[in-house]
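Trainee: Here it is, the structure in full.
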Amino acid sequence: MSSAASGQDIWVAGLNHGAHDSTAALLRNGEVVVIVEQERISRRKRAIDEPPVDALRVCLEHAGRKLEDLDAIALGSDMDRLAAWMGLTPEERSSVLPYDDPERLFPRDVFGDISHPPVIPIRHHLAHAASTFWPSGFEEAAILVMDNRGEDTATTLLRGGLGGMETIKAYGIEHSLGLWYRIATQYAGLYSKDGTAGKLMGLASYGRSGQSVALRHGPAGPRWDGVPAATRTGRAMPPERTRQLLDYFAQNCFPYTVGVSEETMAYADFAASVQQALEQTILGLCQELHDVTGLSSLALAGGVALNCTANGRIAAESPFDEIFVQPMSHDGGVALGAALEATRELRPELFRRQTMRHAYWGPGFTDEEVAAALDERGLSASALTTQELAGRTAALLARGGVVGWCQGRGEVGPRALGARSLLGDPRKREHLVRINTLKGREVWRPLAPSVLQERYDDYFIGTPNPFMIVAAQVRPEVRAAVPAVVHVDGSARPQIVDADNAPRYAALLRAFERETGLPMVINTSLNSAGLPIANTPGEAVDMCRAMGADAVAVGSYLVTLG
């Protein structure tokens, strides 16, 4: 008997089951138990065309539940709605959009020959909105969802309150912000399926805006000015839509050539123009949303909400007093949002609203597992207290070492937040070059700092954020002290760290401050180019050895590599 039928707690799993970023989230009465991204288990970046089977299996194992124990499975997209928009026949629907096929999601060889719980599809943008509004802590808020596309929309404006969310306005995919930005990365020669939007954002700071890049916000919402009107024949936007925008860029934007990846810096002014146009368009949407709602709080989600620079401008220049950006704003986040909405629909009396103060919702590990992983690899180390581990790691960093940091439950979303991180000393610019080189990243790309929450204002001007998702300016008087985390435009995307949510990481920052006088370290994700972030202790050790890091602190153990 399910828990809902017995009047007990309600258990709901949410899935992002689409073509990329597949993810599973498991909730009890609306509170997060665990979230797992499929790529962290399969080890294939962004889990392209993978159903979240392993992610769901690991969620259930973590919670000690079985599939049949769940009251519902919520899906973060409505494939029937998408099929209707595409004009598919029932026969075409099953082959073109197989993503919600039960045999794909709940294969017998993984979950056994059992009946799966009821499956509830949630509209994609509603799931995005739920993923940010309900965890925001706001009693009421304006909500802005921006991505490549949902079923039939690409930008949605909503109002959220304790009674639920309502859509104010939705803009179709013909002028999608996410699609426009993706095509811009193609023009700059930076696009790949495993995610490259951050490269264009980083490149933008090296250039000067002023080129005509088509995008603007007007009375009818976002528009691609100068690009032929969108048409649709049969089943989706035609492929020439991408070609039309690329041709526009090639006619109007230096270097007037598509995708010369060997000459990245030639596209710096283009990138700056794209970033400026995106920010102005988003600020226009924020003003539109504020004019309609009159609210002081804003919650953001969708892939476009991962643009840290734009978020920094929203925090500083929009009419909203406070903002919340969901750290899983990409499509992985709809697993959480779908589960939240389904829980509210099924058992509103049991729904508990939970403010998201950290992102450490992935699986964890024990020191016994760490010891076993080290033994398998012929490595030895002694277990340390938190203070010993923090002190020795800080000393290594202060001597210029690069150290992997694998602690506790993994963070969710694309940004490492001190659970599966690669750390360095921000006092020398050459440390940025070395870390980027070890990871196989372009050396011009910026690295971010983690800073003790109570010391944020000493170093940064902007809105503190625990998810490394809102850009800020580094105070001019301290830039020379931390050159490795200062971008060319004087900005950074700092993560604040507090002892309540990340006690071991905070201890490390305090130890590093005792060593150097600085309460911050370089923090980037513990992965190499093209690979997902490390998940297990063994993966963390292997990744650090392969890339040439100096040491890895995993659980209570500090292992020097060489």
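The chains in the structure tokens are called A, B, ... from first to last as shown; in each chain the residues are counted from 1, and the ligands are counted from 1 in the order shown.
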List as a list in words the protein and nucleic acid residues near region 542-547 of chain A, meaning an atom at most 8 Å away when only C-alpha atoms are counted, but skip any in the same chain fewer than 3 places from it.
Mentor: Val403, Gly404, Leu438, Lys439, Leu526, Asn527, Ser528, Ala534, Gly538, Glu539, Asp550, Ala551, Val552, Leu561 and Gly562 of chain A
Trainee: Assign secondary structure with DSSP using the backbone only, and return the residues of region 181-352 of chain A in helix (DSSP H, G or I) as an MDAnalysis selection string.
Mentor: chainID A and resid 181:187 197:204 240:252 261:293 303:306 308:317 331:346
Trainee: Applying 9 Å and only C-alpha atoms, which residues near Leu423 (chain A) remain after dropping the ones on its own chain fewer than 5 positions away? List them as an MDAnalysis selection string.
Mentor: chainID A and resid 397 401:405 418 435 521:526
Trainee: Leaving out region 276-285 of chain A and any residue of its chain fewer than 4 positions from it, which residues lie within 7 Å of it when counting only C-alpha atoms, given as a PyMOL selection string?
Mentor: chain A and resi 209+215-217+222+272+289+310+314+318
Trainee: Applying 12 Å and only C-alpha atoms, which residues near Ile122 (chain A) remain after dropping the ones on its own chain fewer than 3 positions away? List them as a PyMOL selection string.
Mentor: chain A and resi 14-17+73-82+100+119+125-131+150-151+334-343+345
Trainee: Pick out the closest residue to Pro503 (chain A) from this set: A:Ala419, A:Val213, A:Leu177, A:Cys59. Count only C-alpha atoms.
Mentor: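 For Pro503 (chain A), the nearest of the given residues is A:Ala419.
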Trainee: Which residues of region 334-414 of chain A sit at most 9 Å from region 27-41 of chain A, using only C-alpha atoms? Give each one's shortest atom pair and distance in Å (one decimal place), in chain and ascending residue order, as JSON lines.
Mentor:
```
{"residue": "A:Ala335", "atom": "CA", "partner": "A:Ile35", "partner_atom": "CA", "distance": 8.5}
{"residue": "A:Leu336", "atom": "CA", "partner": "A:Ile35", "partner_atom": "CA", "distance": 7.8}
{"residue": "A:Ala339", "atom": "CA", "partner": "A:Leu27", "partner_atom": "CA", "distance": 6.9}
{"residue": "A:Leu340", "atom": "CA", "partner": "A:Gly30", "partner_atom": "CA", "distance": 5.6}
{"residue": "A:Glu341", "atom": "CA", "partner": "A:Gly30", "partner_atom": "CA", "distance": 8.7}
{"residue": "A:Thr343", "atom": "CA", "partner": "A:Gly30", "partner_atom": "CA", "distance": 6.1}
{"residue": "A:Arg344", "atom": "CA", "partner": "A:Gly30", "partner_atom": "CA", "distance": 7.7}
{"residue": "A:Arg347", "atom": "CA", "partner": "A:Asn29", "partner_atom": "CA", "distance": 8.2}
{"residue": "A:Leu350", "atom": "CA", "partner": "A:Asn29", "partner_atom": "CA", "distance": 5.5}
{"residue": "A:Phe351", "atom": "CA", "partner": "A:Asn29", "partner_atom": "CA", "distance": 5.0}
{"residue": "A:Arg352", "atom": "CA", "partner": "A:Gly30", "partner_atom": "CA", "distance": 5.3}
{"residue": "A:Arg353", "atom": "CA", "partner": "A:Gly30", "partner_atom": "CA", "distance": 6.5}
{"residue": "A:Gln354", "atom": "CA", "partner": "A:Glu31", "partner_atom": "CA", "distance": 6.0}
{"residue": "A:Tyr360", "atom": "CA", "partner": "A:Val34", "partner_atom": "CA", "distance": 8.9}
{"residue": "A:Trp361", "atom": "CA", "partner": "A:Val34", "partner_atom": "CA", "distance": 5.1}
{"residue": "A:Gly362", "atom": "CA", "partner": "A:Ile35", "partner_atom": "CA", "distance": 5.2}
{"residue": "A:Pro363", "atom": "CA", "partner": "A:Val34", "partner_atom": "CA", "distance": 7.0}
{"residue": "A:Gly410", "atom": "CA", "partner": "A:Val36", "partner_atom": "CA", "distance": 9.0}
{"residue": "A:Val412", "atom": "CA", "partner": "A:Ile35", "partner_atom": "CA", "distance": 7.1}
{"residue": "A:Gly413", "atom": "CA", "partner": "A:Glu37", "partner_atom": "CA", "distance": 8.2}
```
Trainee: For the selection you just gave me, I'd like the residues written to a file as a PDB file, in the first residue's frame, keeping N, CA and C atoms.
Mentor:
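Saved to again-v6.pdb:
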```pdb
ATOM      1  N   ALA A 335      13.265  18.352 -12.372  1.00  0.00           N
ATOM      2  CA  ALA A 335      12.972  17.154 -11.567  1.00  0.00           C
ATOM      3  C   ALA A 335      12.472  17.567 -10.191  1.00  0.00           C
ATOM      4  N   LEU A 336      13.154  18.523  -9.582  1.00  0.00           N
ATOM      5  CA  LEU A 336      12.731  19.049  -8.288  1.00  0.00           C
ATOM      6  C   LEU A 336      11.388  19.756  -8.401  1.00  0.00           C
ATOM      7  N   ALA A 339       8.372  17.420  -8.911  1.00  0.00           N
ATOM      8  CA  ALA A 339       8.025  16.698  -7.683  1.00  0.00           C
ATOM      9  C   ALA A 339       7.321  17.610  -6.685  1.00  0.00           C
ATOM     10  N   LEU A 340       7.756  18.859  -6.593  1.00  0.00           N
ATOM     11  CA  LEU A 340       7.100  19.811  -5.700  1.00  0.00           C
ATOM     12  C   LEU A 340       5.654  20.062  -6.126  1.00  0.00           C
ATOM     13  N   GLU A 341       5.446  20.305  -7.403  1.00  0.00           N
ATOM     14  CA  GLU A 341       4.091  20.577  -7.883  1.00  0.00           C
ATOM     15  C   GLU A 341       3.183  19.361  -7.710  1.00  0.00           C
ATOM     16  N   THR A 343       3.440  16.974  -5.496  1.00  0.00           N
ATOM     17  CA  THR A 343       3.141  16.809  -4.070  1.00  0.00           C
ATOM     18  C   THR A 343       2.016  17.745  -3.653  1.00  0.00           C
ATOM     19  N   ARG A 344       2.093  19.005  -4.074  1.00  0.00           N
ATOM     20  CA  ARG A 344       1.052  19.972  -3.735  1.00  0.00           C
ATOM     21  C   ARG A 344      -0.303  19.571  -4.321  1.00  0.00           C
ATOM     22  N   ARG A 347      -1.395  15.994  -2.267  1.00  0.00           N
ATOM     23  CA  ARG A 347      -1.629  16.074  -0.815  1.00  0.00           C
ATOM     24  C   ARG A 347      -1.242  17.449  -0.293  1.00  0.00           C
ATOM     25  N   LEU A 350      -0.145  17.912   3.319  1.00  0.00           N
ATOM     26  CA  LEU A 350       1.136  17.387   3.780  1.00  0.00           C
ATOM     27  C   LEU A 350       2.332  18.178   3.246  1.00  0.00           C
ATOM     28  N   PHE A 351       2.076  19.071   2.308  1.00  0.00           N
ATOM     29  CA  PHE A 351       3.164  19.783   1.644  1.00  0.00           C
ATOM     30  C   PHE A 351       3.882  20.712   2.616  1.00  0.00           C
ATOM     31  N   ARG A 352       5.168  20.498   2.750  1.00  0.00           N
ATOM     32  CA  ARG A 352       6.007  21.347   3.609  1.00  0.00           C
ATOM     33  C   ARG A 352       6.946  22.151   2.729  1.00  0.00           C
ATOM     34  N   ARG A 353       6.897  23.437   2.898  1.00  0.00           N
ATOM     35  CA  ARG A 353       7.775  24.300   2.110  1.00  0.00           C
ATOM     36  C   ARG A 353       9.147  24.374   2.756  1.00  0.00           C
ATOM     37  N   GLN A 354      10.172  24.177   1.965  1.00  0.00           N
ATOM     38  CA  GLN A 354      11.542  24.093   2.469  1.00  0.00           C
ATOM     39  C   GLN A 354      12.410  25.128   1.763  1.00  0.00           C
ATOM     40  N   TYR A 360      23.683  20.893  -1.230  1.00  0.00           N
ATOM     41  CA  TYR A 360      24.319  19.600  -0.963  1.00  0.00           C
ATOM     42  C   TYR A 360      23.257  18.509  -0.815  1.00  0.00           C
ATOM     43  N   TRP A 361      22.646  18.142  -1.933  1.00  0.00           N
ATOM     44  CA  TRP A 361      21.557  17.172  -1.922  1.00  0.00           C
ATOM     45  C   TRP A 361      21.908  15.886  -2.653  1.00  0.00           C
ATOM     46  N   GLY A 362      23.146  15.745  -3.102  1.00  0.00           N
ATOM     47  CA  GLY A 362      23.558  14.517  -3.783  1.00  0.00           C
ATOM     48  C   GLY A 362      23.900  13.419  -2.795  1.00  0.00           C
ATOM     49  N   PRO A 363      24.304  12.266  -3.296  1.00  0.00           N
ATOM     50  CA  PRO A 363      24.718  11.170  -2.404  1.00  0.00           C
ATOM     51  C   PRO A 363      26.020  11.506  -1.692  1.00  0.00           C
ATOM     52  N   GLY A 410      27.297  15.423  -2.321  1.00  0.00           N
ATOM     53  CA  GLY A 410      27.634  16.229  -3.482  1.00  0.00           C
ATOM     54  C   GLY A 410      26.658  17.367  -3.696  1.00  0.00           C
ATOM     55  N   VAL A 412      24.389  19.821  -6.106  1.00  0.00           N
ATOM     56  CA  VAL A 412      23.633  19.631  -7.336  1.00  0.00           C
ATOM     57  C   VAL A 412      23.742  20.882  -8.193  1.00  0.00           C
ATOM     58  N   GLY A 413      23.604  20.703  -9.497  1.00  0.00           N
ATOM     59  CA  GLY A 413      23.752  21.807 -10.410  1.00  0.00           C
ATOM     60  C   GLY A 413      25.143  21.834 -11.019  1.00  0.00           C
TER      61      GLY A 413
END
```
